[in-house]
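So the structure is just underneath, and the comments pick up after that.
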Amino acid sequence: MNRPMDISEATLADRSHIERRREILKAHPEIRTLIGRDRTTAWITICVVAGQLCLAAVFGGLGLHCWWLALIAAYCVGAFANHAMFVVIHDAIHNLVFEDGRLNKLTAILADLPNAFPTSMGFRAYHIKHHSHLSSYDYDADVPSDWEARLVGNRWYMKAGWLFFFAAFQWLRISRLKGTVPGIFSRWSMINIGAVIVCDLILLFLFGPNALLYLLASFWFSVGLHPLGARWIQEHYALAPGQGTFDYYGPLNRIQLNIGYHNEHHDFPDIPWSRLPELKAMAPEYYDGLHAHYSWTRLFFAFIFDPRYSLHTRTENMPERPERQDVMAENSHATFKPALAAQR
């Protein structure tokens with residue numbers, strides 16, 4: 001269990017979602033009926049995982065000489081499937097699939113199999129702190145490191161490279177974080193690692209290396225240099241004054257399990273993905289006036305090629321720490337202009 005956030009840490013975190021949740025529940029107490037779990041997520045997981053493993057078997061059967069075909073399929077199909085499974089992992093670690101915590105962990109591990117690389121239990125350990133310490137540099141792994149932001153700057157090729165290696169950059173941030181993160185080397189982490197390795201070995205033995213290439217590429221593209229990678233920009237990069245979290249209301253929500261409803265999720269992390277549109281419909285006065293995106297693809301290209309975008313547009317959402325003031329001042333030229341925000 002995560003320890004409670006003390007007062008000094010709370011002052012370094014974005015508390016707007018806590019306050020808005022309180023206001024929404026006061027104005028719309030009926031929203032409490034949306035809180036709960038959705039077992040349909042488990043059936044979706046079974047179908048998507050089975051589909052990805054079958055596709056991996058097909059590309060494995062074609063042989064390694066068809067590696068290029070596996071990469072194309074991973075970019076055009078596999079990335080969408082794996083990204084949807086990341087949403088399942090996300091809901092499962094919030095215990096939004098089953099009441100039994102063990103079943104939620106098993107669901108997350110099952111959804112992790114198409115990644116061919118264990119991620120679910122590690123993500124579980126750090127994502128909880130993302131909620132409790134939102135935008136706190138010392139505790140939120142979603143915030144780019146200072147060296148990372150300086151390295152990338154606002155050069156288009158560096159931003160493209162950052163997106164391509166996003167998974168690696170995310171992993172490197174761990175060493176910066178303060179406080180203990182329980183569960184990183186827990187029994188469930190070992191189960192996660194073991195399940196993924198066994199699945200990888202079975203695929204490799206039965207179908208060959210091209211099967212693993214397809215899954216690994218699907219994982220890599222699903223979080224990186226792909227329009228889906230714009231999700232990481234959409235969620236918390238500063239696009240409007242006084243707003244630290246942003247939504248995506250485009251058509252891909254239908255196959256990406258409503259992950260774009262990010263303000264709604266941070267306000268109510270105990271409501272499953274399938275009911276987030278209902279939450280917005282029940283309290284429109286709290287969400288309709290917020291800046292939102294309607295195209296991940298448009299945002300993807302805007303982030304890469306518009307020089308006013310940089311990793312500093314994420315750190316602008318953070319309450320300033322005294323030791324960071326010089327860094328923020330030095331990079332003030334990179335401030336993102338509200339004119340770039342998506343238009344309704």
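Each chain in the structure tokens gets a letter, A, B and so on, in the order shown; residues start at 1 in every chain, and ligands are counted from 1 in the order they appear.
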Can you tell me, as a PyMOL selection string, which residues in stretch 113-311 of chain A count as alpha helix (DSSP H) by DSSP?
chain A and resi 120-132+146-152+156-164+166-172+187-207+209-222+230-236+262-267+276-282+284-287+296-305
Selected residues written out, C-alpha atoms, as a compact mmCIF listing (two decimals), in the first residue's frame:
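Saved as again.txt:
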# COMPACT_ATOMS: atom_id res chain seq x y z
CA SER A 120 2.40 -4.21 -16.09
CA MET A 121 3.60 -4.60 -12.49
CA GLY A 122 6.30 -1.98 -12.92
CA PHE A 123 3.72 0.41 -14.33
CA ARG A 124 1.45 -0.43 -11.40
CA ALA A 125 4.13 0.60 -8.91
CA TYR A 126 4.71 4.04 -10.44
CA HIS A 127 1.28 4.94 -11.81
CA ILE A 128 -0.28 5.19 -8.36
CA LYS A 129 2.26 7.90 -7.50
CA HIS A 130 1.39 9.67 -10.74
CA HIS A 131 -2.09 10.17 -9.27
CA SER A 132 -1.11 10.97 -5.69
CA ASP A 146 15.70 18.14 -16.49
CA TRP A 147 18.55 16.57 -18.46
CA GLU A 148 16.01 14.93 -20.77
CA ALA A 149 14.27 18.22 -21.57
CA ARG A 150 17.61 19.97 -22.17
CA LEU A 151 18.85 17.15 -24.41
CA VAL A 152 15.77 17.14 -26.63
CA TRP A 156 12.23 18.33 -34.60
CA TYR A 157 14.65 15.43 -35.08
CA MET A 158 15.40 15.23 -31.36
CA LYS A 159 11.68 15.23 -30.53
CA ALA A 160 11.12 12.47 -33.09
CA GLY A 161 13.99 10.51 -31.55
CA TRP A 162 12.59 11.09 -28.07
CA LEU A 163 9.24 9.64 -29.14
CA PHE A 164 10.96 6.68 -30.81
CA PHE A 166 10.07 6.96 -25.28
CA ALA A 167 9.96 3.62 -23.44
CA ALA A 168 13.69 3.89 -22.65
CA PHE A 169 13.42 7.51 -21.45
CA GLN A 170 10.51 6.54 -19.21
CA TRP A 171 12.59 3.80 -17.64
CA LEU A 172 15.56 6.13 -17.07
CA ARG A 187 6.02 -11.76 -6.02
CA TRP A 188 3.61 -10.33 -8.59
CA SER A 189 6.46 -8.67 -10.46
CA MET A 190 8.20 -12.03 -10.67
CA ILE A 191 4.98 -13.63 -11.93
CA ASN A 192 4.70 -10.88 -14.54
CA ILE A 193 8.28 -11.39 -15.71
CA GLY A 194 7.96 -15.16 -15.71
CA ALA A 195 4.67 -15.17 -17.66
CA VAL A 196 6.01 -12.90 -20.38
CA ILE A 197 9.28 -14.84 -20.71
CA VAL A 198 7.47 -18.18 -20.95
CA CYS A 199 5.12 -16.78 -23.59
CA ASP A 200 8.08 -15.39 -25.55
CA LEU A 201 9.95 -18.70 -25.43
CA ILE A 202 6.91 -20.67 -26.58
CA LEU A 203 6.41 -18.33 -29.55
CA LEU A 204 10.10 -18.42 -30.40
CA PHE A 205 10.26 -22.22 -30.21
CA LEU A 206 7.05 -22.87 -32.16
CA PHE A 207 7.04 -20.05 -34.72
CA PRO A 209 12.00 -15.03 -34.33
CA ASN A 210 9.66 -13.16 -36.66
CA ALA A 211 6.80 -13.85 -34.23
CA LEU A 212 8.67 -12.07 -31.44
CA LEU A 213 9.72 -9.28 -33.80
CA TYR A 214 6.06 -8.55 -34.54
CA LEU A 215 5.13 -8.36 -30.85
CA LEU A 216 8.17 -6.32 -29.82
CA ALA A 217 7.58 -3.88 -32.68
CA SER A 218 3.89 -3.62 -31.72
CA PHE A 219 4.95 -2.73 -28.19
CA TRP A 220 7.60 -0.24 -29.31
CA PHE A 221 5.35 1.58 -31.77
CA SER A 222 2.37 1.63 -29.38
CA ALA A 230 0.73 11.68 -29.08
CA ARG A 231 -1.32 10.41 -26.15
CA TRP A 232 1.64 11.14 -23.86
CA ILE A 233 1.71 14.72 -25.15
CA GLN A 234 -2.06 15.14 -24.98
CA GLU A 235 -2.46 14.15 -21.35
CA HIS A 236 -0.40 16.70 -19.41
CA HIS A 262 -8.08 11.95 -19.05
CA ASN A 263 -9.50 14.77 -16.97
CA GLU A 264 -12.45 12.54 -16.18
CA HIS A 265 -10.13 9.71 -15.18
CA HIS A 266 -8.00 11.87 -12.88
CA ASP A 267 -11.12 13.29 -11.27
CA LEU A 276 -16.16 7.86 -18.50
CA PRO A 277 -18.29 9.27 -21.37
CA GLU A 278 -21.30 8.99 -19.05
CA LEU A 279 -19.41 10.98 -16.42
CA LYS A 280 -18.76 13.77 -18.92
CA ALA A 281 -22.41 13.72 -20.02
CA MET A 282 -23.63 13.95 -16.41
CA PRO A 284 -20.89 18.79 -18.83
CA GLU A 285 -20.42 22.15 -17.14
CA TYR A 286 -17.14 20.89 -15.65
CA TYR A 287 -15.64 19.50 -18.88
CA TRP A 296 -3.79 12.46 -32.08
CA THR A 297 -2.29 12.51 -35.58
CA ARG A 298 -2.48 16.31 -35.78
CA LEU A 299 -0.94 16.62 -32.33
CA PHE A 300 1.77 14.09 -33.25
CA PHE A 301 3.01 16.20 -36.16
CA ALA A 302 2.52 19.49 -34.28
CA PHE A 303 4.70 18.27 -31.41
CA ILE A 304 7.50 17.16 -33.73
CA PHE A 305 7.61 20.03 -36.21
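Non-sequential neighbours of A:Tyr249 (distance at most 7 Å, separation of 5 or more positions within a chain, only C-alpha atoms) are A:Gly260, A:His293, A:Tyr294.
Distance annotation: of A:Leu290, A:Ala81, A:Ile174, A:Ala240, the residue with the minimal separation from A:Ala50 is A:Ala81; atom set is only C-alpha atoms.
Distances from A:Ala141, A:Leu71, A:Ile271, A:Ala79 to A:Thr33 were compared using only C-alpha atoms, and the smallest one belongs to A:Ile271.
Take the candidates A:Asp142, A:Asp38, A:Asp288, A:Asp112 and check each one against A:Tyr237 using only C-alpha atoms; the shortest distance goes to A:Asp142.
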I'd like a table as a Markdown table: residues in stretch 234-302 of chain A with an atom no more than 12 Å from stretch 94-107 of chain A, each row giving the shortest atom pair and its distance in Å to one decimal, only C-alpha atoms counted, sorted by chain and rising residue number.
| residue | atom | partner | partner_atom | distance |
| --- | --- | --- | --- | --- |
| A:His265 | CA | A:His94 | CA | 10.6 |
| A:His266 | CA | A:His94 | CA | 11.4 |
| A:Phe268 | CA | A:His94 | CA | 10.7 |
| A:Pro269 | CA | A:His94 | CA | 7.1 |
| A:Asp270 | CA | A:Leu96 | CA | 6.8 |
| A:Ile271 | CA | A:Leu96 | CA | 7.1 |
| A:Pro272 | CA | A:Leu96 | CA | 5.5 |
| A:Trp273 | CA | A:Leu96 | CA | 8.5 |
| A:Ser274 | CA | A:Leu96 | CA | 10.2 |
| A:Arg275 | CA | A:Leu96 | CA | 11.0 |
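In this model, the gap between atom CA of A:Val87 and atom CA of A:Ala73 comes to 20.6 Å.
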